[in-house]
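Text of the file run20.txt, holding compact mmCIF, N, CA and C atoms:
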# COMPACT_ATOMS: atom_id res chain seq x y z
N MET A 75 7.08 -79.08 119.71
CA MET A 75 8.09 -78.37 119.00
C MET A 75 8.68 -79.30 117.95
N LEU A 76 8.94 -78.76 116.78
CA LEU A 76 9.53 -79.53 115.70
C LEU A 76 10.85 -78.91 115.28
N PHE A 77 11.82 -79.74 115.03
CA PHE A 77 13.06 -79.30 114.40
C PHE A 77 13.02 -79.85 112.98
N ARG A 78 13.10 -78.98 112.00
CA ARG A 78 12.99 -79.41 110.61
C ARG A 78 14.35 -79.37 109.95
N HIS A 79 14.72 -80.48 109.32
CA HIS A 79 15.95 -80.53 108.54
C HIS A 79 15.55 -80.32 107.08
N ALA A 80 16.09 -79.28 106.48
CA ALA A 80 15.76 -78.96 105.09
C ALA A 80 16.81 -79.55 104.17
N GLU A 81 16.36 -80.17 103.09
CA GLU A 81 17.28 -80.63 102.06
C GLU A 81 17.72 -79.41 101.25
N GLY A 82 18.98 -79.38 100.88
CA GLY A 82 19.48 -78.23 100.12
C GLY A 82 19.80 -77.09 101.07
N PRO A 83 19.72 -75.85 100.57
CA PRO A 83 20.04 -74.71 101.42
C PRO A 83 19.11 -74.66 102.63
N ALA A 84 19.70 -74.54 103.80
CA ALA A 84 18.92 -74.54 105.03
C ALA A 84 18.27 -73.19 105.24
N GLY A 85 17.02 -73.23 105.61
CA GLY A 85 16.32 -71.99 105.93
C GLY A 85 16.71 -71.51 107.31
N VAL A 86 16.78 -70.21 107.47
CA VAL A 86 17.10 -69.60 108.77
C VAL A 86 15.81 -68.96 109.25
N TYR A 87 15.00 -69.76 109.96
CA TYR A 87 13.69 -69.26 110.32
C TYR A 87 13.12 -70.08 111.46
N ALA A 88 12.24 -69.48 112.22
CA ALA A 88 11.45 -70.15 113.25
C ALA A 88 10.05 -69.57 113.18
N PHE A 89 9.05 -70.39 113.43
CA PHE A 89 7.68 -69.87 113.39
C PHE A 89 6.77 -70.74 114.24
N ALA A 90 5.63 -70.15 114.60
CA ALA A 90 4.61 -70.85 115.39
C ALA A 90 3.44 -71.19 114.48
N LEU A 91 2.89 -72.37 114.66
CA LEU A 91 1.74 -72.83 113.89
C LEU A 91 0.49 -72.82 114.76
N PRO A 92 -0.69 -72.82 114.14
CA PRO A 92 -1.91 -72.94 114.94
C PRO A 92 -1.85 -74.20 115.81
N GLY A 93 -2.30 -74.09 117.01
CA GLY A 93 -2.26 -75.22 117.93
C GLY A 93 -1.03 -75.20 118.82
N GLY A 94 -0.12 -74.25 118.59
CA GLY A 94 1.02 -74.09 119.47
C GLY A 94 2.30 -74.79 119.06
N THR A 95 2.32 -75.44 117.92
CA THR A 95 3.55 -76.08 117.46
C THR A 95 4.54 -75.01 117.03
N ILE A 96 5.78 -75.14 117.48
CA ILE A 96 6.84 -74.22 117.10
C ILE A 96 7.83 -74.97 116.24
N VAL A 97 8.20 -74.38 115.11
CA VAL A 97 9.11 -75.01 114.16
C VAL A 97 10.39 -74.19 114.10
N LEU A 98 11.53 -74.86 114.27
CA LEU A 98 12.84 -74.24 114.08
C LEU A 98 13.50 -74.94 112.90
N LEU A 99 13.87 -74.18 111.88
CA LEU A 99 14.58 -74.77 110.75
C LEU A 99 16.05 -74.92 111.11
N ASP A 100 16.68 -75.94 110.55
CA ASP A 100 18.04 -76.25 110.94
C ASP A 100 19.03 -75.14 110.60
N GLY A 101 18.74 -74.34 109.60
CA GLY A 101 19.63 -73.23 109.27
C GLY A 101 19.74 -72.24 110.42
N LEU A 102 18.66 -72.05 111.16
CA LEU A 102 18.70 -71.15 112.30
C LEU A 102 19.60 -71.70 113.39
N VAL A 103 19.46 -72.98 113.65
CA VAL A 103 20.29 -73.61 114.69
C VAL A 103 21.76 -73.55 114.29
N GLN A 104 22.06 -73.80 113.02
CA GLN A 104 23.45 -73.73 112.55
C GLN A 104 23.99 -72.31 112.61
N MET A 105 23.15 -71.33 112.30
CA MET A 105 23.59 -69.94 112.29
C MET A 105 23.95 -69.44 113.69
N LEU A 106 23.33 -70.01 114.71
CA LEU A 106 23.56 -69.54 116.07
C LEU A 106 24.98 -69.81 116.55
N GLY A 107 25.67 -70.69 115.86
CA GLY A 107 27.10 -70.83 116.06
C GLY A 107 27.53 -71.63 117.27
N ASP A 108 28.49 -71.07 118.01
CA ASP A 108 29.18 -71.72 119.11
C ASP A 108 28.19 -72.41 120.06
N PRO A 109 28.30 -73.73 120.21
CA PRO A 109 27.38 -74.45 121.10
C PRO A 109 27.37 -73.93 122.53
N ALA A 110 28.45 -73.30 122.96
CA ALA A 110 28.50 -72.79 124.33
C ALA A 110 27.48 -71.67 124.56
N VAL A 111 27.17 -70.91 123.52
CA VAL A 111 26.19 -69.82 123.66
C VAL A 111 24.92 -70.08 122.86
N ALA A 112 24.93 -71.11 122.01
CA ALA A 112 23.77 -71.38 121.15
C ALA A 112 22.52 -71.72 121.97
N ASP A 113 22.68 -72.42 123.09
CA ASP A 113 21.52 -72.78 123.90
C ASP A 113 20.74 -71.55 124.35
N ASP A 114 21.46 -70.53 124.82
CA ASP A 114 20.79 -69.30 125.26
C ASP A 114 20.08 -68.62 124.09
N ARG A 115 20.70 -68.65 122.93
CA ARG A 115 20.09 -68.02 121.76
C ARG A 115 18.86 -68.78 121.31
N ILE A 116 18.93 -70.10 121.35
CA ILE A 116 17.76 -70.91 120.98
C ILE A 116 16.63 -70.66 121.96
N LEU A 117 16.96 -70.56 123.24
CA LEU A 117 15.93 -70.26 124.24
C LEU A 117 15.30 -68.90 123.99
N ALA A 118 16.09 -67.93 123.55
CA ALA A 118 15.53 -66.61 123.23
C ALA A 118 14.56 -66.70 122.06
N VAL A 119 14.91 -67.45 121.03
CA VAL A 119 14.02 -67.64 119.87
C VAL A 119 12.75 -68.36 120.30
N LEU A 120 12.90 -69.41 121.11
CA LEU A 120 11.73 -70.15 121.59
C LEU A 120 10.82 -69.25 122.43
N GLY A 121 11.42 -68.43 123.26
CA GLY A 121 10.63 -67.49 124.07
C GLY A 121 9.84 -66.54 123.21
N HIS A 122 10.47 -66.06 122.16
CA HIS A 122 9.79 -65.16 121.22
C HIS A 122 8.60 -65.86 120.57
N GLU A 123 8.82 -67.07 120.08
CA GLU A 123 7.75 -67.82 119.42
C GLU A 123 6.65 -68.21 120.42
N LEU A 124 7.03 -68.54 121.65
CA LEU A 124 6.02 -68.84 122.67
C LEU A 124 5.14 -67.62 122.95
N GLY A 125 5.73 -66.43 122.85
CA GLY A 125 4.93 -65.21 122.99
C GLY A 125 3.85 -65.12 121.93
N HIS A 126 4.20 -65.50 120.69
CA HIS A 126 3.19 -65.52 119.62
C HIS A 126 2.09 -66.53 119.93
N VAL A 127 2.47 -67.69 120.45
CA VAL A 127 1.48 -68.72 120.79
C VAL A 127 0.58 -68.22 121.92
N ALA A 128 1.17 -67.66 122.96
CA ALA A 128 0.40 -67.20 124.12
C ALA A 128 -0.57 -66.08 123.75
N ARG A 129 -0.16 -65.21 122.85
CA ARG A 129 -1.01 -64.09 122.43
C ARG A 129 -1.92 -64.45 121.26
N ARG A 130 -1.83 -65.69 120.81
CA ARG A 130 -2.67 -66.20 119.72
C ARG A 130 -2.52 -65.38 118.44
N HIS A 131 -1.31 -64.94 118.17
CA HIS A 131 -1.04 -64.16 116.97
C HIS A 131 -1.32 -64.94 115.69
N VAL A 132 -1.04 -66.25 115.70
CA VAL A 132 -1.26 -67.06 114.50
C VAL A 132 -2.75 -67.09 114.16
N LEU A 133 -3.59 -67.34 115.15
CA LEU A 133 -5.03 -67.38 114.93
C LEU A 133 -5.53 -66.01 114.47
N ARG A 134 -5.05 -64.97 115.10
CA ARG A 134 -5.46 -63.61 114.73
C ARG A 134 -5.10 -63.33 113.27
N ARG A 135 -3.89 -63.72 112.84
CA ARG A 135 -3.47 -63.48 111.46
C ARG A 135 -4.32 -64.28 110.47
N LEU A 136 -4.65 -65.52 110.82
CA LEU A 136 -5.51 -66.33 109.95
C LEU A 136 -6.89 -65.69 109.79
N LEU A 137 -7.45 -65.20 110.89
CA LEU A 137 -8.77 -64.57 110.83
C LEU A 137 -8.72 -63.28 110.02
N GLN A 138 -7.66 -62.49 110.18
CA GLN A 138 -7.52 -61.26 109.40
C GLN A 138 -7.42 -61.57 107.91
N THR A 139 -6.64 -62.57 107.57
CA THR A 139 -6.47 -62.95 106.16
C THR A 139 -7.80 -63.43 105.58
N ALA A 140 -8.54 -64.21 106.33
CA ALA A 140 -9.84 -64.69 105.86
C ALA A 140 -10.81 -63.53 105.67
N ALA A 141 -10.79 -62.58 106.59
CA ALA A 141 -11.69 -61.42 106.49
C ALA A 141 -11.36 -60.57 105.27
N VAL A 142 -10.08 -60.35 105.01
CA VAL A 142 -9.68 -59.56 103.84
C VAL A 142 -10.07 -60.29 102.56
N SER A 143 -9.86 -61.59 102.53
CA SER A 143 -10.23 -62.38 101.35
C SER A 143 -11.73 -62.33 101.10
N LEU A 144 -12.51 -62.45 102.16
CA LEU A 144 -13.97 -62.39 102.04
C LEU A 144 -14.40 -61.01 101.54
N ALA A 145 -13.82 -59.95 102.11
CA ALA A 145 -14.17 -58.59 101.69
C ALA A 145 -13.82 -58.36 100.22
N ALA A 146 -12.67 -58.84 99.78
CA ALA A 146 -12.29 -58.68 98.37
C ALA A 146 -13.25 -59.43 97.47
N THR A 147 -13.66 -60.61 97.89
CA THR A 147 -14.59 -61.40 97.10
C THR A 147 -15.95 -60.70 97.00
N VAL A 148 -16.43 -60.16 98.11
CA VAL A 148 -17.73 -59.49 98.12
C VAL A 148 -17.67 -58.20 97.31
N LEU A 149 -16.65 -57.39 97.53
CA LEU A 149 -16.55 -56.10 96.85
C LEU A 149 -16.25 -56.22 95.37
N CYS A 150 -15.42 -57.16 95.01
CA CYS A 150 -14.97 -57.26 93.62
C CYS A 150 -15.66 -58.37 92.85
N GLY A 151 -16.42 -59.18 93.52
CA GLY A 151 -17.14 -60.24 92.85
C GLY A 151 -16.23 -61.35 92.34
N ALA A 152 -15.06 -61.46 92.89
CA ALA A 152 -14.12 -62.48 92.43
C ALA A 152 -14.42 -63.80 93.10
N THR A 153 -14.23 -64.85 92.35
CA THR A 153 -14.29 -66.20 92.91
C THR A 153 -12.93 -66.83 92.66
N PRO A 154 -12.57 -67.88 93.36
CA PRO A 154 -11.22 -68.44 93.22
C PRO A 154 -10.75 -68.68 91.78
N PRO A 155 -11.59 -69.18 90.83
CA PRO A 155 -11.08 -69.34 89.46
C PRO A 155 -10.74 -68.01 88.79
N ASP A 156 -11.32 -66.91 89.27
CA ASP A 156 -11.06 -65.58 88.70
C ASP A 156 -9.89 -64.88 89.37
N TRP A 157 -9.16 -65.56 90.21
CA TRP A 157 -8.11 -64.91 90.99
C TRP A 157 -6.89 -64.68 90.14
N PRO A 158 -6.20 -63.57 90.19
CA PRO A 158 -6.50 -62.40 91.01
C PRO A 158 -7.70 -61.63 90.45
N PRO A 159 -8.46 -60.99 91.33
CA PRO A 159 -9.69 -60.35 90.89
C PRO A 159 -9.44 -59.10 90.06
N THR A 160 -10.35 -58.83 89.16
CA THR A 160 -10.38 -57.53 88.50
C THR A 160 -11.53 -56.80 89.18
N CYS A 161 -11.21 -55.75 89.86
CA CYS A 161 -12.19 -55.06 90.70
C CYS A 161 -13.26 -54.40 89.85
N ARG A 162 -14.50 -54.68 90.14
CA ARG A 162 -15.63 -54.08 89.43
C ARG A 162 -16.19 -52.88 90.15
N CYS A 163 -15.60 -52.55 91.29
CA CYS A 163 -16.15 -51.45 92.09
C CYS A 163 -15.46 -50.12 91.81
N CYS A 164 -14.36 -50.11 91.09
CA CYS A 164 -13.69 -48.82 90.84
C CYS A 164 -13.40 -48.60 89.38
Please go through the file and, once you have read it, give me the structure as structure tokens.
Amino acid sequence: MLFRHAEGPAGVYAFALPGGTIVLLDGLVQMLGDPAVADDRILAVLGHELGHVARRHVLRRLLQTAAVSLAATVLCGATPPDWPPTCRCC
């Protein structure tokens, strides 16, 4: 698990990375407020992100994105220098 301190405006976000790393931005921790109840709220966020890790949602999303990109490239004949593609199929 990583706690990230952002320079400038703090982001209010938490996310899971491939491999199971969970990142909490400091803006989220600050937003949770009163330290007496913040621990329970942080645990709720961690539980949510652990659910994504356990269900492999990150890997699934990466594979879906790669499949869509491949399909667009095949159907439209686009290559990375031509991005965004101009579709030749319609």
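For the pair CA of Arg115 in chain A and CA of Ile96 in chain A, the separation is 15.4 Å.
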Could you go through range 82-126 of chain A and tell me which residues DSSP, when run on the backbone, assigns to strand (DSSP E), listing them as a PyMOL selection string? chain A and resi 88-90+96-99
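Interatomic distance, atom N of Leu106 in chain A against atom C of Gly93 in chain A: 25.2 Å.
You can rank A:Val97, A:Ala118, A:Val111, A:Ala90 by their closest distance to Val132 in chain A using only N, CA and C atoms, and at the top of that list sits A:Ala90.
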Place a sphere of radius 8 Å on (13.8, -71.3, 113.3) in the file coordinates and name every protein, DNA or RNA residue with an atom inside or on its surface, counting all atoms listed in the file; give the answer as an MDAnalysis selection string. chainID A and resid 78 85:89 96:103 119
note - atom C of Ser143 in chain A and CA of Gly94 in chain A are separated by 25.3 Å
Starting from the incomplete input, reconstruct all heavy atoms of range 113-124 of chain A and write that as a JSON list (two decimals), keeping the file's coordinate frame.
[["chain", "number", "residue", "atom", "x", "y", "z"],
["A", 113, "ASP", "N", 22.68, -72.42, 123.09],
["A", 113, "ASP", "CA", 21.52, -72.78, 123.90],
["A", 113, "ASP", "C", 20.74, -71.55, 124.35],
["A", 113, "ASP", "O", 19.52, -71.51, 124.28],
["A", 113, "ASP", "CB", 21.94, -73.60, 125.12],
["A", 113, "ASP", "CG", 22.38, -75.01, 124.76],
["A", 113, "ASP", "OD1", 22.15, -75.43, 123.61],
["A", 113, "ASP", "OD2", 22.98, -75.67, 125.63],
["A", 114, "ASP", "N", 21.46, -70.53, 124.82],
["A", 114, "ASP", "CA", 20.79, -69.30, 125.26],
["A", 114, "ASP", "C", 20.08, -68.62, 124.09],
["A", 114, "ASP", "O", 18.99, -68.09, 124.25],
["A", 114, "ASP", "CB", 21.79, -68.34, 125.89],
["A", 114, "ASP", "CG", 22.30, -68.83, 127.23],
["A", 114, "ASP", "OD1", 21.63, -69.67, 127.85],
["A", 114, "ASP", "OD2", 23.37, -68.35, 127.66],
["A", 115, "ARG", "N", 20.70, -68.65, 122.93],
["A", 115, "ARG", "CA", 20.09, -68.02, 121.76],
["A", 115, "ARG", "C", 18.86, -68.78, 121.31],
["A", 115, "ARG", "O", 17.85, -68.19, 120.93],
["A", 115, "ARG", "CB", 21.11, -67.92, 120.64],
["A", 115, "ARG", "CG", 22.24, -66.97, 120.97],
["A", 115, "ARG", "CD", 23.29, -66.98, 119.92],
["A", 115, "ARG", "NE", 24.39, -66.09, 120.27],
["A", 115, "ARG", "CZ", 25.51, -66.01, 119.59],
["A", 115, "ARG", "NH1", 25.71, -66.77, 118.54],
["A", 115, "ARG", "NH2", 26.45, -65.17, 119.96],
["A", 116, "ILE", "N", 18.93, -70.10, 121.35],
["A", 116, "ILE", "CA", 17.76, -70.91, 120.98],
["A", 116, "ILE", "C", 16.63, -70.66, 121.96],
["A", 116, "ILE", "O", 15.47, -70.53, 121.57],
["A", 116, "ILE", "CB", 18.13, -72.41, 120.91],
["A", 116, "ILE", "CG1", 19.03, -72.66, 119.70],
["A", 116, "ILE", "CG2", 16.87, -73.28, 120.83],
["A", 116, "ILE", "CD1", 19.59, -74.07, 119.62],
["A", 117, "LEU", "N", 16.96, -70.56, 123.24],
["A", 117, "LEU", "CA", 15.93, -70.26, 124.24],
["A", 117, "LEU", "C", 15.30, -68.90, 123.99],
["A", 117, "LEU", "O", 14.09, -68.73, 124.18],
["A", 117, "LEU", "CB", 16.51, -70.33, 125.65],
["A", 117, "LEU", "CG", 16.82, -71.74, 126.15],
["A", 117, "LEU", "CD1", 17.52, -71.68, 127.50],
["A", 117, "LEU", "CD2", 15.56, -72.57, 126.24],
["A", 118, "ALA", "N", 16.09, -67.93, 123.55],
["A", 118, "ALA", "CA", 15.53, -66.61, 123.23],
["A", 118, "ALA", "C", 14.56, -66.70, 122.06],
["A", 118, "ALA", "O", 13.47, -66.10, 122.09],
["A", 118, "ALA", "CB", 16.66, -65.63, 122.92],
["A", 119, "VAL", "N", 14.91, -67.45, 121.03],
["A", 119, "VAL", "CA", 14.02, -67.64, 119.87],
["A", 119, "VAL", "C", 12.75, -68.36, 120.30],
["A", 119, "VAL", "O", 11.63, -67.97, 119.92],
["A", 119, "VAL", "CB", 14.74, -68.40, 118.74],
["A", 119, "VAL", "CG1", 13.76, -68.80, 117.64],
["A", 119, "VAL", "CG2", 15.89, -67.58, 118.17],
["A", 120, "LEU", "N", 12.90, -69.41, 121.11],
["A", 120, "LEU", "CA", 11.73, -70.15, 121.59],
["A", 120, "LEU", "C", 10.82, -69.25, 122.43],
["A", 120, "LEU", "O", 9.59, -69.31, 122.32],
["A", 120, "LEU", "CB", 12.15, -71.38, 122.39],
["A", 120, "LEU", "CG", 12.74, -72.52, 121.58],
["A", 120, "LEU", "CD1", 13.23, -73.63, 122.51],
["A", 120, "LEU", "CD2", 11.74, -73.07, 120.60],
["A", 121, "GLY", "N", 11.42, -68.43, 123.26],
["A", 121, "GLY", "CA", 10.63, -67.49, 124.07],
["A", 121, "GLY", "C", 9.84, -66.54, 123.21],
["A", 121, "GLY", "O", 8.66, -66.24, 123.48],
["A", 122, "HIS", "N", 10.47, -66.06, 122.16],
["A", 122, "HIS", "CA", 9.79, -65.16, 121.22],
["A", 122, "HIS", "C", 8.60, -65.86, 120.57],
["A", 122, "HIS", "O", 7.49, -65.31, 120.51],
["A", 122, "HIS", "CB", 10.79, -64.68, 120.15],
["A", 122, "HIS", "CG", 10.17, -63.86, 119.08],
["A", 122, "HIS", "ND1", 9.99, -62.50, 119.20],
["A", 122, "HIS", "CD2", 9.66, -64.21, 117.87],
["A", 122, "HIS", "CE1", 9.41, -62.05, 118.10],
["A", 122, "HIS", "NE2", 9.20, -63.07, 117.28],
["A", 123, "GLU", "N", 8.82, -67.07, 120.08],
["A", 123, "GLU", "CA", 7.75, -67.82, 119.42],
["A", 123, "GLU", "C", 6.65, -68.21, 120.42],
["A", 123, "GLU", "O", 5.47, -68.21, 120.07],
["A", 123, "GLU", "CB", 8.31, -69.05, 118.71],
["A", 123, "GLU", "CG", 9.24, -68.72, 117.56],
["A", 123, "GLU", "CD", 8.64, -67.81, 116.51],
["A", 123, "GLU", "OE1", 7.41, -67.91, 116.25],
["A", 123, "GLU", "OE2", 9.38, -67.00, 115.94],
["A", 124, "LEU", "N", 7.03, -68.54, 121.65],
["A", 124, "LEU", "CA", 6.02, -68.84, 122.67],
["A", 124, "LEU", "C", 5.14, -67.62, 122.95],
["A", 124, "LEU", "O", 3.95, -67.76, 123.25],
["A", 124, "LEU", "CB", 6.68, -69.32, 123.96],
["A", 124, "LEU", "CG", 7.16, -70.76, 123.94],
["A", 124, "LEU", "CD1", 8.01, -71.06, 125.17],
["A", 124, "LEU", "CD2", 6.00, -71.72, 123.83]]
